[in-house]
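Chemist: The following block contains the structure, expressed as structure tokens.
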Amino acid sequence: MAEASGGNGSLHTECLPLSSPALNGTIDFMLSGILIGCQPLRFGCDFTEYLHNIKPADSPDNKITFHYTGSRAEGIDRASDDDYMFVNHNFRVVDQSTNTVEKEKETSCFTAVHVRPGYVHLHSCESFNEASDELKLQQNDGFLRSDVVKAFMMNSDSDGNESDHFFDELAEHGPALTDEKHDTDFVCALPSYEWPEIAMEFCNRVREFNQPSREIIDQITSKGCLYVGVGHPNSADRGKEWRLSFSLAEKILVRSWNDVKVKCYTAVKTLCKENFNSQPKVLCSYFIKTAIFWLSERMPESFWEKERILSCISAIIEELLSYTSGGRCPNYFLPSNNMMDNLSYEQRKDVISKIESTMKDIPLAILQSKLGDDTFKSSADFVTLYLILKNSDSPSNAEMHLADVNSHKKTHFENAENYYESMHLSQTLQELKHFFYQRLYSGKIDYFAQMISEDLPRVIANPGFKTAYEKLLFLALGDIYQQMASSKCDQGTEECQELLTQAENWISKAGNLKHPSGFDDGGVLTNACKSLFYYTTGDKDCALDLCTQESERVYSDPDSLSNLCLWSCAVVISANEAEKFRTTEPNFAAAFDLKDLFVSPMSIILFIAIKCSRNKEQLHEFSKQFENLQQWLPPQITDYEKELHANHMLLKSILSQEGILQVTE
């Protein structure tokens, strides 16, 4: 923050320096809200990646693997889209400097010919006539082009690939293949199983504070690197160039960050988006990560503490200013790759000015950003208070008022982790259902179920998430066994009844769902799924009895009802599963057979209770509860919340159209 100028009438901005405890506490508290909901992403993304890649041991060799990358995979942004590296192991890249080629059956080998730091041409190690039949080189010069590989990979998903159900039709979007329906990007990549010689400086350079540790460095280099079909902006033939990608290394590094680094990244990313925009784009989120990577080497770990978070943010912005002013942003893994070498000073000078302006009052810039709006109910009033206190003659008074603001705002995020965990668990249940439905006729449901159950401790390190995922696995298995019963045999046969019994047992086994952060749903999700099972299999008496018991239990405690609506995992009815409603609920099936349905457990329980009511008095009571339930549903902020609302109203519409919803005056 700028020093106060001398003379009468000067502004006393020195009263709130970057070291102000209350101001650092305010900014840290604001940024703490960003971390809420990131924990399930951090622990859950490996499971998502695992499901994408799982296949039986006796399946045909499938050389396509998926790697979950980007901010969500790193556990630093719960709101970003899903990004995947789509790695084709039918091809292998070896480094030109080592030129060690081991012939592997059915694997096309390419030598990386370096054309500029970080960019290569890929030349076939075989003669053109000996190249793989699947590979049709666009040019008869032995060099591989990225558009050819994209086409090859887009067509490879129909050849028995167990993972093709995770995305719909893919379209080219820059260097990525995009599944627009699910907001998912896939970047085509080719593997190199060795760390490239050109990047050996990363392994060997001296680090004063041992950050990252030798253990993390060895972990990174043991994974080799990837080559993605992206050419340098100044290249005359970008389609021929491939870029070295260190995405897997970045995920390892970011996951090793402490909370302060994650908060700083979020703060600076927001400031860049709101204050440093330019055409062409000069600063991107990757440059912010790069700045933190380099600063982590130069600063002791004790520097990254919440008591000095403003100094940390300032250091990152100064690092970015240094890159922008000098026109040099060295890639962390390959410093010879200047990631700004395509930008002239004329293109950078406006951003330089914007950064310098922001640095005059970093706290104010943060408080005026979207981060402030997300945290404080009256952020404008707080900014006004800050400006008054900043120019005050009484630093102690400023500290006191800021501390008072902090103490009154801390209830804003109380128990919010439960809510975001619920969102994440609902999405995980959806993924598990899709996984099993795509393997409905494989004859290996039990095999996959046992494999996933045994692998959970290895894939998910956090015991709380492991336990929650196991219960979701039981619910998904209950649904798939019911689907098997309806698709493989007629109702009433011995085989069908055996499958239905297994379905009921799996659902019952789920019991209470306990969130990793401690919230226990009291079994409402399991009972909602079980009620749905009874109703769709024709046992309406059991469905009504269970719904009645659950309704009486929940509605006896309004606080419990509120918490369940906010934090219980949603019932997921997949598009594939909707077919089983065709005979019992044609209106229901027609409404949801084109998409997945997220509905609150209490919504589905009351929907079924109304449909199964035995008399007018019972119908009247359940209708009243159904009508009143909407006030307990979460506010419409996220897409998840909006879907809970929309689907509750759709259920209400179905009941009203059928003339059975009775609402009290």
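Convention: chains lettered A, B, ... in structure tokens order; per-chain residue numbering from 1; ligands numbered from 1 as shown.
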Write out as a PyMOL selection string the residues lying within 10 Å of Val254 of chain A, counting only C-alpha atoms and excluding same-chain residues fewer than 5 positions away.
Modeler: chain A and resi 71+73-76+249+261-262+289+292-293
Chemist: Go ahead and save the residues from that selection, with N, CA, C and O atoms, as a PDB file, in the first residue's frame.
Modeler:
ATOM      1  N   SER A  71      -8.599 -27.043 -12.827  1.00  0.00           N
ATOM      2  CA  SER A  71      -8.771 -26.530 -11.463  1.00  0.00           C
ATOM      3  C   SER A  71      -9.639 -27.426 -10.590  1.00  0.00           C
ATOM      4  O   SER A  71      -9.407 -27.558  -9.397  1.00  0.00           O
ATOM      5  N   ALA A  73      -9.938 -30.723 -10.817  1.00  0.00           N
ATOM      6  CA  ALA A  73      -9.134 -31.895 -10.474  1.00  0.00           C
ATOM      7  C   ALA A  73      -8.085 -31.559  -9.420  1.00  0.00           C
ATOM      8  O   ALA A  73      -7.736 -32.388  -8.587  1.00  0.00           O
ATOM      9  N   GLU A  74      -7.597 -30.329  -9.474  1.00  0.00           N
ATOM     10  CA  GLU A  74      -6.588 -29.904  -8.506  1.00  0.00           C
ATOM     11  C   GLU A  74      -7.200 -29.529  -7.166  1.00  0.00           C
ATOM     12  O   GLU A  74      -6.486 -29.338  -6.184  1.00  0.00           O
ATOM     13  N   GLY A  75      -8.545 -29.413  -7.127  1.00  0.00           N
ATOM     14  CA  GLY A  75      -9.227 -29.103  -5.879  1.00  0.00           C
ATOM     15  C   GLY A  75      -9.132 -27.650  -5.486  1.00  0.00           C
ATOM     16  O   GLY A  75      -9.154 -27.313  -4.305  1.00  0.00           O
ATOM     17  N   ILE A  76      -9.054 -26.741  -6.489  1.00  0.00           N
ATOM     18  CA  ILE A  76      -8.933 -25.320  -6.155  1.00  0.00           C
ATOM     19  C   ILE A  76     -10.069 -24.487  -6.741  1.00  0.00           C
ATOM     20  O   ILE A  76     -10.108 -23.280  -6.544  1.00  0.00           O
ATOM     21  N   ALA A 249       2.038 -33.189 -13.816  1.00  0.00           N
ATOM     22  CA  ALA A 249       2.961 -32.641 -12.818  1.00  0.00           C
ATOM     23  C   ALA A 249       2.315 -31.488 -12.069  1.00  0.00           C
ATOM     24  O   ALA A 249       2.462 -31.352 -10.842  1.00  0.00           O
ATOM     25  N   LYS A 261      -1.923 -20.648  -0.267  1.00  0.00           N
ATOM     26  CA  LYS A 261      -1.582 -20.575  -1.691  1.00  0.00           C
ATOM     27  C   LYS A 261      -2.833 -20.702  -2.559  1.00  0.00           C
ATOM     28  O   LYS A 261      -2.973 -20.000  -3.568  1.00  0.00           O
ATOM     29  N   VAL A 262      -3.741 -21.585  -2.162  1.00  0.00           N
ATOM     30  CA  VAL A 262      -4.989 -21.740  -2.917  1.00  0.00           C
ATOM     31  C   VAL A 262      -5.808 -20.455  -2.859  1.00  0.00           C
ATOM     32  O   VAL A 262      -6.358 -19.994  -3.868  1.00  0.00           O
ATOM     33  N   LYS A 289      -0.491 -19.631 -11.734  1.00  0.00           N
ATOM     34  CA  LYS A 289       0.076 -20.860 -11.173  1.00  0.00           C
ATOM     35  C   LYS A 289       1.596 -20.850 -11.310  1.00  0.00           C
ATOM     36  O   LYS A 289       2.324 -21.221 -10.369  1.00  0.00           O
ATOM     37  N   ILE A 292       3.192 -18.687  -8.681  1.00  0.00           N
ATOM     38  CA  ILE A 292       3.206 -19.319  -7.352  1.00  0.00           C
ATOM     39  C   ILE A 292       4.228 -20.444  -7.305  1.00  0.00           C
ATOM     40  O   ILE A 292       4.914 -20.640  -6.292  1.00  0.00           O
ATOM     41  N   PHE A 293       4.352 -21.200  -8.405  1.00  0.00           N
ATOM     42  CA  PHE A 293       5.377 -22.253  -8.446  1.00  0.00           C
ATOM     43  C   PHE A 293       6.768 -21.659  -8.205  1.00  0.00           C
ATOM     44  O   PHE A 293       7.543 -22.166  -7.372  1.00  0.00           O
TER      45      PHE A 293
END
Chemist: Give the alpha helix (DSSP H) residues of segment 237-446 of chain A, as assigned by DSSP on the backbone, as an NGL selection string.
Modeler: :A and (247-255 or 259-275 or 285-298 or 309-326 or 345-359 or 362-367 or 370-375 or 379-390 or 395-409 or 416-437 or 445-446)
Chemist: Report as a PyMOL selection string: the residues of segment 35-101 of chain A with a DSSP assignment of strand (DSSP E or B), based on the backbone of this structure.
Modeler: chain A and resi 64-69+82-88+91-95
Chemist: Neighbouring residues of segment 186-200 of chain A were defined as those with any atom within 7 Å, considering only C-alpha atoms; residues of the same chain fewer than 2 positions away were excluded. Please report them as JSON, numbers by chain.
Modeler: {"A": [83, 84, 85, 86, 87, 88, 89, 91, 92, 93, 94, 95, 97, 150, 175, 176, 177, 178, 184, 202, 203, 204, 221, 223, 224, 225, 226, 227, 228, 229, 333, 334]}
Chemist: Keeping only N, CA and C atoms, write the selected residues as an mmCIF file, in the first residue's frame.
Modeler:
data_model
loop_
_atom_site.group_PDB
_atom_site.id
_atom_site.type_symbol
_atom_site.label_atom_id
_atom_site.label_comp_id
_atom_site.auth_asym_id
_atom_site.auth_seq_id
_atom_site.Cartn_x
_atom_site.Cartn_y
_atom_site.Cartn_z
ATOM 1 N N ASP A 83 -12.173 -30.883 -17.136
ATOM 2 C CA ASP A 83 -11.178 -31.003 -18.198
ATOM 3 C C ASP A 83 -10.492 -32.360 -18.088
ATOM 4 N N TYR A 84 -10.318 -33.006 -19.236
ATOM 5 C CA TYR A 84 -9.659 -34.309 -19.259
ATOM 6 C C TYR A 84 -8.562 -34.333 -20.308
ATOM 7 N N MET A 85 -7.489 -35.001 -19.975
ATOM 8 C CA MET A 85 -6.497 -35.365 -20.963
ATOM 9 C C MET A 85 -6.899 -36.742 -21.505
ATOM 10 N N PHE A 86 -7.025 -36.812 -22.801
ATOM 11 C CA PHE A 86 -7.491 -38.002 -23.504
ATOM 12 C C PHE A 86 -6.249 -38.621 -24.144
ATOM 13 N N VAL A 87 -5.591 -39.559 -23.445
ATOM 14 C CA VAL A 87 -4.245 -40.017 -23.813
ATOM 15 C C VAL A 87 -4.332 -41.313 -24.614
ATOM 16 N N ASN A 88 -3.756 -41.289 -25.784
ATOM 17 C CA ASN A 88 -3.777 -42.439 -26.682
ATOM 18 C C ASN A 88 -2.434 -43.159 -26.623
ATOM 19 N N HIS A 89 -2.441 -44.329 -25.994
ATOM 20 C CA HIS A 89 -1.205 -45.101 -25.839
ATOM 21 C C HIS A 89 -0.929 -45.998 -27.044
ATOM 22 N N PHE A 91 0.109 -44.646 -29.510
ATOM 23 C CA PHE A 91 1.288 -43.915 -29.965
ATOM 24 C C PHE A 91 2.204 -43.677 -28.773
ATOM 25 N N ARG A 92 3.479 -43.584 -29.058
ATOM 26 C CA ARG A 92 4.460 -43.284 -28.014
ATOM 27 C C ARG A 92 5.477 -42.296 -28.560
ATOM 28 N N VAL A 93 5.853 -41.332 -27.735
ATOM 29 C CA VAL A 93 6.838 -40.333 -28.134
ATOM 30 C C VAL A 93 8.131 -40.580 -27.373
ATOM 31 N N VAL A 94 9.247 -40.562 -28.085
ATOM 32 C CA VAL A 94 10.556 -40.660 -27.451
ATOM 33 C C VAL A 94 11.322 -39.378 -27.743
ATOM 34 N N ASP A 95 12.235 -39.047 -26.860
ATOM 35 C CA ASP A 95 12.973 -37.797 -26.982
ATOM 36 C C ASP A 95 14.069 -37.930 -28.024
ATOM 37 N N SER A 97 16.891 -36.494 -28.147
ATOM 38 C CA SER A 97 18.253 -36.508 -27.610
ATOM 39 C C SER A 97 18.660 -37.894 -27.132
ATOM 40 N N LYS A 150 -6.693 -36.358 -33.649
ATOM 41 C CA LYS A 150 -8.023 -36.020 -33.133
ATOM 42 C C LYS A 150 -9.088 -36.882 -33.795
ATOM 43 N N PRO A 175 -7.983 -26.577 -29.491
ATOM 44 C CA PRO A 175 -7.189 -27.793 -29.336
ATOM 45 C C PRO A 175 -7.951 -28.921 -28.657
ATOM 46 N N ALA A 176 -9.169 -28.645 -28.174
ATOM 47 C CA ALA A 176 -9.908 -29.627 -27.382
ATOM 48 C C ALA A 176 -11.039 -30.254 -28.183
ATOM 49 N N LEU A 177 -11.504 -31.399 -27.688
ATOM 50 C CA LEU A 177 -12.743 -32.013 -28.130
ATOM 51 C C LEU A 177 -13.759 -31.757 -27.030
ATOM 52 N N THR A 178 -14.908 -31.185 -27.349
ATOM 53 C CA THR A 178 -15.853 -30.723 -26.346
ATOM 54 C C THR A 178 -17.131 -31.535 -26.373
ATOM 55 N N THR A 184 -17.771 -30.496 -20.786
ATOM 56 C CA THR A 184 -16.521 -31.220 -20.568
ATOM 57 C C THR A 184 -15.625 -31.082 -21.784
ATOM 58 N N PHE A 202 14.732 -28.775 -14.439
ATOM 59 C CA PHE A 202 13.733 -28.817 -13.368
ATOM 60 C C PHE A 202 14.137 -29.816 -12.286
ATOM 61 N N CYS A 203 14.685 -30.941 -12.681
ATOM 62 C CA CYS A 203 15.070 -31.979 -11.717
ATOM 63 C C CYS A 203 16.302 -31.578 -10.919
ATOM 64 N N ASN A 204 17.206 -30.825 -11.547
ATOM 65 C CA ASN A 204 18.534 -30.642 -10.968
ATOM 66 C C ASN A 204 18.787 -29.276 -10.339
ATOM 67 N N THR A 221 8.642 -36.613 -12.103
ATOM 68 C CA THR A 221 9.461 -37.045 -13.242
ATOM 69 C C THR A 221 9.218 -38.508 -13.598
ATOM 70 N N LYS A 223 6.488 -39.916 -13.956
ATOM 71 C CA LYS A 223 5.304 -40.031 -14.804
ATOM 72 C C LYS A 223 5.563 -39.599 -16.239
ATOM 73 N N GLY A 224 6.762 -39.123 -16.536
ATOM 74 C CA GLY A 224 7.032 -38.657 -17.883
ATOM 75 C C GLY A 224 6.254 -37.390 -18.176
ATOM 76 N N CYS A 225 5.889 -37.204 -19.438
ATOM 77 C CA CYS A 225 5.116 -36.012 -19.809
ATOM 78 C C CYS A 225 4.178 -36.381 -20.951
ATOM 79 N N LEU A 226 3.406 -35.417 -21.384
ATOM 80 C CA LEU A 226 2.468 -35.616 -22.480
ATOM 81 C C LEU A 226 2.762 -34.603 -23.587
ATOM 82 N N TYR A 227 2.309 -34.916 -24.788
ATOM 83 C CA TYR A 227 2.411 -34.001 -25.921
ATOM 84 C C TYR A 227 1.000 -33.750 -26.441
ATOM 85 N N VAL A 228 0.613 -32.490 -26.485
ATOM 86 C CA VAL A 228 -0.738 -32.132 -26.922
ATOM 87 C C VAL A 228 -0.673 -31.397 -28.257
ATOM 88 N N GLY A 229 -1.737 -31.522 -29.023
ATOM 89 C CA GLY A 229 -1.775 -30.953 -30.364
ATOM 90 C C GLY A 229 -2.026 -29.467 -30.376
ATOM 91 N N PHE A 333 8.528 -25.725 -15.604
ATOM 92 C CA PHE A 333 9.218 -27.000 -15.842
ATOM 93 C C PHE A 333 10.251 -26.889 -16.947
ATOM 94 N N LEU A 334 10.096 -25.885 -17.797
ATOM 95 C CA LEU A 334 10.998 -25.698 -18.922
ATOM 96 C C LEU A 334 11.257 -24.199 -19.078
#
Chemist: Measuring between only C-alpha atoms, which one of A:Tyr437, A:Phe465, A:Phe519, A:Tyr640 shows the shortest distance to Ala570 of chain A?
Modeler: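 For Ala570 of chain A, the nearest of the candidates is A:Tyr640.
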Chemist: Skipping near chain neighbours, those fewer than 5 positions away, what residues fall within 10 Å of segment 466-479 of chain A using only C-alpha atoms, listed as a short mmCIF file (atom, residue, chain, number, x, y, z; two decimals) with N, CA, C and O atoms, in the first residue's frame?
Modeler:
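Once everything was written out, this is out-v3.cif:
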data_model
loop_
_atom_site.label_atom_id
_atom_site.label_comp_id
_atom_site.auth_asym_id
_atom_site.auth_seq_id
_atom_site.Cartn_x
_atom_site.Cartn_y
_atom_site.Cartn_z
N PHE A 43 -10.82 -34.74 -3.12
CA PHE A 43 -10.80 -36.17 -2.81
C PHE A 43 -11.57 -37.00 -3.84
O PHE A 43 -11.34 -38.19 -3.96
N GLY A 44 -12.49 -36.37 -4.55
CA GLY A 44 -13.35 -37.14 -5.43
C GLY A 44 -12.86 -37.27 -6.85
O GLY A 44 -13.29 -38.17 -7.56
N PHE A 47 -11.47 -40.59 -7.99
CA PHE A 47 -12.49 -41.63 -8.18
C PHE A 47 -13.14 -41.48 -9.55
O PHE A 47 -13.40 -42.47 -10.24
N LEU A 425 -21.73 -35.53 -3.76
CA LEU A 425 -22.18 -36.90 -3.59
C LEU A 425 -23.30 -37.25 -4.57
O LEU A 425 -23.36 -38.36 -5.09
N SER A 426 -24.19 -36.29 -4.85
CA SER A 426 -25.24 -36.52 -5.84
C SER A 426 -24.64 -36.79 -7.21
O SER A 426 -25.07 -37.69 -7.94
N THR A 428 -21.67 -37.94 -7.78
CA THR A 428 -20.97 -39.23 -7.74
C THR A 428 -21.96 -40.38 -7.91
O THR A 428 -21.68 -41.36 -8.61
N LEU A 429 -23.12 -40.28 -7.26
CA LEU A 429 -24.15 -41.29 -7.43
C LEU A 429 -24.58 -41.37 -8.89
O LEU A 429 -24.78 -42.46 -9.44
N GLN A 430 -24.69 -40.24 -9.53
CA GLN A 430 -25.04 -40.19 -10.94
C GLN A 430 -23.98 -40.91 -11.78
O GLN A 430 -24.31 -41.71 -12.67
N GLU A 431 -22.71 -40.64 -11.49
CA GLU A 431 -21.63 -41.29 -12.24
C GLU A 431 -21.65 -42.80 -12.06
O GLU A 431 -21.44 -43.55 -13.01
N LEU A 432 -21.88 -43.25 -10.83
CA LEU A 432 -21.93 -44.69 -10.57
C LEU A 432 -23.08 -45.34 -11.32
O LEU A 432 -22.94 -46.44 -11.87
N LYS A 433 -24.24 -44.68 -11.34
CA LYS A 433 -25.38 -45.25 -12.07
C LYS A 433 -25.07 -45.35 -13.56
O LYS A 433 -25.34 -46.39 -14.19
N HIS A 434 -24.51 -44.30 -14.13
CA HIS A 434 -24.14 -44.35 -15.54
C HIS A 434 -23.14 -45.48 -15.80
O HIS A 434 -23.24 -46.18 -16.81
N PHE A 435 -22.20 -45.61 -14.90
CA PHE A 435 -21.18 -46.65 -15.05
C PHE A 435 -21.82 -48.03 -15.17
O PHE A 435 -21.50 -48.81 -16.07
N PHE A 436 -22.74 -48.34 -14.27
CA PHE A 436 -23.35 -49.67 -14.27
C PHE A 436 -24.37 -49.84 -15.40
O PHE A 436 -24.47 -50.93 -15.98
N TYR A 437 -25.13 -48.80 -15.72
CA TYR A 437 -26.11 -48.94 -16.79
C TYR A 437 -25.45 -49.21 -18.13
O TYR A 437 -25.99 -49.94 -18.95
N ILE A 445 -21.47 -57.29 -13.76
CA ILE A 445 -21.85 -56.31 -12.74
C ILE A 445 -21.21 -56.65 -11.40
O ILE A 445 -20.64 -55.78 -10.72
N ASP A 446 -21.30 -57.92 -10.99
CA ASP A 446 -20.71 -58.32 -9.71
C ASP A 446 -19.20 -58.13 -9.72
O ASP A 446 -18.61 -57.71 -8.71
N ALA A 449 -18.54 -54.43 -9.33
CA ALA A 449 -18.91 -53.99 -7.98
C ALA A 449 -17.83 -54.37 -6.98
O ALA A 449 -17.43 -53.57 -6.12
N ILE A 452 -14.57 -52.24 -7.60
CA ILE A 452 -14.66 -50.86 -7.10
C ILE A 452 -14.61 -50.85 -5.58
O ILE A 452 -13.91 -50.02 -4.98
N SER A 453 -15.34 -51.76 -4.95
CA SER A 453 -15.36 -51.81 -3.49
C SER A 453 -13.97 -52.05 -2.92
O SER A 453 -13.56 -51.42 -1.94
N GLU A 454 -13.23 -52.96 -3.53
CA GLU A 454 -11.88 -53.27 -3.05
C GLU A 454 -10.89 -52.15 -3.32
O GLU A 454 -9.94 -51.95 -2.57
N ASP A 455 -11.13 -51.39 -4.40
CA ASP A 455 -10.20 -50.33 -4.79
C ASP A 455 -10.44 -49.02 -4.05
O ASP A 455 -9.57 -48.13 -4.09
N LEU A 456 -11.59 -48.87 -3.39
CA LEU A 456 -11.90 -47.59 -2.74
C LEU A 456 -10.82 -47.13 -1.76
O LEU A 456 -10.44 -45.95 -1.78
N PRO A 457 -10.29 -48.00 -0.89
CA PRO A 457 -9.25 -47.53 0.04
C PRO A 457 -8.00 -47.02 -0.68
O PRO A 457 -7.33 -46.13 -0.17
N ARG A 458 -7.71 -47.58 -1.84
CA ARG A 458 -6.53 -47.14 -2.59
C ARG A 458 -6.81 -45.84 -3.35
O ARG A 458 -5.96 -44.94 -3.40
N VAL A 459 -7.98 -45.75 -3.94
CA VAL A 459 -8.31 -44.60 -4.78
C VAL A 459 -8.65 -43.37 -3.94
O VAL A 459 -8.28 -42.25 -4.27
N ILE A 460 -9.37 -43.57 -2.82
CA ILE A 460 -9.81 -42.47 -1.96
C ILE A 460 -9.09 -42.57 -0.63
O ILE A 460 -9.35 -43.46 0.18
N ALA A 461 -8.18 -41.63 -0.39
CA ALA A 461 -7.37 -41.68 0.83
C ALA A 461 -8.17 -41.29 2.06
O ALA A 461 -7.94 -41.81 3.15
N MET A 484 -31.90 -54.84 -14.18
CA MET A 484 -31.67 -56.18 -14.73
C MET A 484 -32.94 -57.02 -14.64
O MET A 484 -33.28 -57.77 -15.56
N ALA A 485 -33.66 -56.88 -13.53
CA ALA A 485 -34.90 -57.64 -13.36
C ALA A 485 -35.93 -57.26 -14.40
O ALA A 485 -36.62 -58.12 -14.97
N LEU A 499 -33.46 -61.30 -8.60
CA LEU A 499 -32.78 -60.04 -8.89
C LEU A 499 -33.38 -58.89 -8.08
O LEU A 499 -32.66 -58.02 -7.57
N LEU A 500 -34.71 -58.90 -7.95
CA LEU A 500 -35.36 -57.85 -7.16
C LEU A 500 -34.98 -57.94 -5.69
O LEU A 500 -34.82 -56.92 -5.01
N THR A 501 -34.85 -59.15 -5.19
CA THR A 501 -34.42 -59.33 -3.80
C THR A 501 -33.01 -58.79 -3.59
O THR A 501 -32.72 -58.12 -2.58
N GLN A 502 -32.14 -59.06 -4.56
CA GLN A 502 -30.78 -58.51 -4.47
C GLN A 502 -30.80 -56.99 -4.52
O GLN A 502 -30.05 -56.32 -3.79
N ALA A 503 -31.67 -56.44 -5.38
CA ALA A 503 -31.78 -54.98 -5.47
C ALA A 503 -32.21 -54.38 -4.14
O ALA A 503 -31.62 -53.40 -3.66
N GLU A 504 -33.22 -54.97 -3.52
CA GLU A 504 -33.70 -54.48 -2.22
C GLU A 504 -32.62 -54.58 -1.16
O GLU A 504 -32.44 -53.67 -0.34
N ASN A 505 -31.87 -55.69 -1.18
CA ASN A 505 -30.80 -55.87 -0.19
C ASN A 505 -29.69 -54.83 -0.35
O ASN A 505 -29.17 -54.32 0.65
N TRP A 506 -29.32 -54.53 -1.60
CA TRP A 506 -28.27 -53.55 -1.81
C TRP A 506 -28.70 -52.17 -1.32
O TRP A 506 -27.94 -51.46 -0.67
N ILE A 507 -29.94 -51.80 -1.64
CA ILE A 507 -30.43 -50.48 -1.20
C ILE A 507 -30.48 -50.40 0.32
O ILE A 507 -30.05 -49.41 0.93
N SER A 508 -30.99 -51.48 0.95
CA SER A 508 -31.08 -51.49 2.42
C SER A 508 -29.71 -51.40 3.06
O SER A 508 -29.55 -50.80 4.14
N LYS A 509 -28.72 -51.97 2.40
CA LYS A 509 -27.36 -51.99 2.95
C LYS A 509 -26.76 -50.59 3.07
O LYS A 509 -25.86 -50.35 3.89
N ALA A 510 -27.28 -49.65 2.28
CA ALA A 510 -26.73 -48.29 2.29
C ALA A 510 -26.96 -47.61 3.64
O ALA A 510 -26.09 -46.90 4.15
N GLY A 511 -28.15 -47.78 4.23
CA GLY A 511 -28.43 -47.20 5.54
C GLY A 511 -28.27 -45.69 5.56
O GLY A 511 -28.60 -45.00 4.60
N ASN A 512 -27.74 -45.17 6.66
CA ASN A 512 -27.53 -43.72 6.79
C ASN A 512 -26.34 -43.28 5.95
O ASN A 512 -25.30 -43.95 5.94
N LEU A 513 -26.50 -42.16 5.28
CA LEU A 513 -25.38 -41.57 4.55
C LEU A 513 -24.76 -40.48 5.41
O LEU A 513 -25.40 -39.47 5.71
N LYS A 514 -23.53 -40.68 5.81
CA LYS A 514 -22.84 -39.70 6.64
C LYS A 514 -21.84 -38.94 5.78
O LYS A 514 -20.95 -39.52 5.18
N HIS A 515 -22.02 -37.62 5.74
CA HIS A 515 -21.09 -36.78 4.99
C HIS A 515 -19.72 -36.78 5.68
O HIS A 515 -19.64 -36.87 6.90
N PRO A 516 -18.65 -36.66 4.90
CA PRO A 516 -17.31 -36.61 5.51
C PRO A 516 -17.15 -35.48 6.52
O PRO A 516 -16.38 -35.59 7.46
N LEU A 525 -32.04 -40.59 2.33
CA LEU A 525 -31.73 -40.92 0.94
C LEU A 525 -32.02 -42.39 0.66
O LEU A 525 -32.66 -42.73 -0.33
N THR A 526 -31.56 -43.27 1.56
CA THR A 526 -31.81 -44.69 1.38
C THR A 526 -33.30 -45.00 1.37
O THR A 526 -33.79 -45.77 0.54
N CYS A 529 -34.88 -43.91 -1.89
CA CYS A 529 -34.57 -44.86 -2.96
C CYS A 529 -35.34 -46.16 -2.78
O CYS A 529 -35.82 -46.76 -3.76
N LYS A 530 -35.48 -46.59 -1.54
CA LYS A 530 -36.23 -47.83 -1.28
C LYS A 530 -37.72 -47.63 -1.59
O LYS A 530 -38.37 -48.53 -2.16
N LEU A 532 -38.94 -45.61 -3.77
CA LEU A 532 -39.02 -45.59 -5.23
C LEU A 532 -38.96 -47.01 -5.79
O LEU A 532 -39.67 -47.36 -6.74
N PHE A 533 -38.14 -47.84 -5.18
CA PHE A 533 -38.03 -49.24 -5.59
C PHE A 533 -39.36 -49.96 -5.39
O PHE A 533 -39.86 -50.64 -6.29
N CYS A 569 -28.07 -35.79 0.25
CA CYS A 569 -27.75 -36.09 -1.14
C CYS A 569 -29.05 -36.29 -1.92
O CYS A 569 -30.00 -36.88 -1.43
N VAL A 571 -31.78 -37.64 -4.70
CA VAL A 571 -32.09 -38.86 -5.43
C VAL A 571 -31.78 -38.60 -6.91
O VAL A 571 -32.16 -37.57 -7.45
N VAL A 572 -31.08 -39.51 -7.53
CA VAL A 572 -30.73 -39.37 -8.94
C VAL A 572 -31.48 -40.43 -9.74
O VAL A 572 -31.36 -41.62 -9.44
N ILE A 573 -32.26 -39.99 -10.70
CA ILE A 573 -32.93 -40.92 -11.61
C ILE A 573 -32.34 -40.67 -12.99
O ILE A 573 -32.58 -39.62 -13.59
N SER A 574 -31.56 -41.61 -13.46
CA SER A 574 -30.84 -41.40 -14.72
C SER A 574 -31.78 -41.57 -15.90
O SER A 574 -32.86 -42.16 -15.81
N GLU A 577 -32.44 -45.11 -16.55
CA GLU A 577 -33.29 -45.73 -15.55
C GLU A 577 -34.77 -45.36 -15.73
O GLU A 577 -35.66 -46.09 -15.30
#
Chemist: Counting only C-alpha atoms, figure out which residue out of A:Arg255, A:Val120, A:Tyr419, A:Leu564 gets nearest to Thr638 of chain A.
Modeler: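 With only C-alpha atoms as the atom set, the closest residue is A:Tyr419.
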Chemist: Which neighbours of His52 of chain A fall inside 7 Å, counting only C-alpha atoms, when residues of the same chain fewer than 2 positions from it are skipped, and could you give them as a ChimeraX atom specification?
Modeler: /A:48-50,54,66,163
Chemist: With distances taken over only C-alpha atoms, which of A:Ala22, A:Val383, A:Val115, A:Ala590 is nearest to Ser369 of chain A?
Modeler: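 Ranking A:Ala22, A:Val383, A:Val115, A:Ala590 by distance to Ser369 of chain A, first place goes to A:Val383.
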Chemist: Atom CA of Val230 of chain A and atom CA of Gly327 of chain A are how many Å apart?
Modeler: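 According to the coordinates, atom CA of Val230 of chain A and atom CA of Gly327 of chain A are separated by 21.3 Å.
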Chemist: List as a count of residues only the protein and nucleic acid residues near Leu310 of chain A, meaning an atom at most 10 Å away when only C-alpha atoms are counted, but skip any in the same chain fewer than 2 places from it.
Modeler: 23
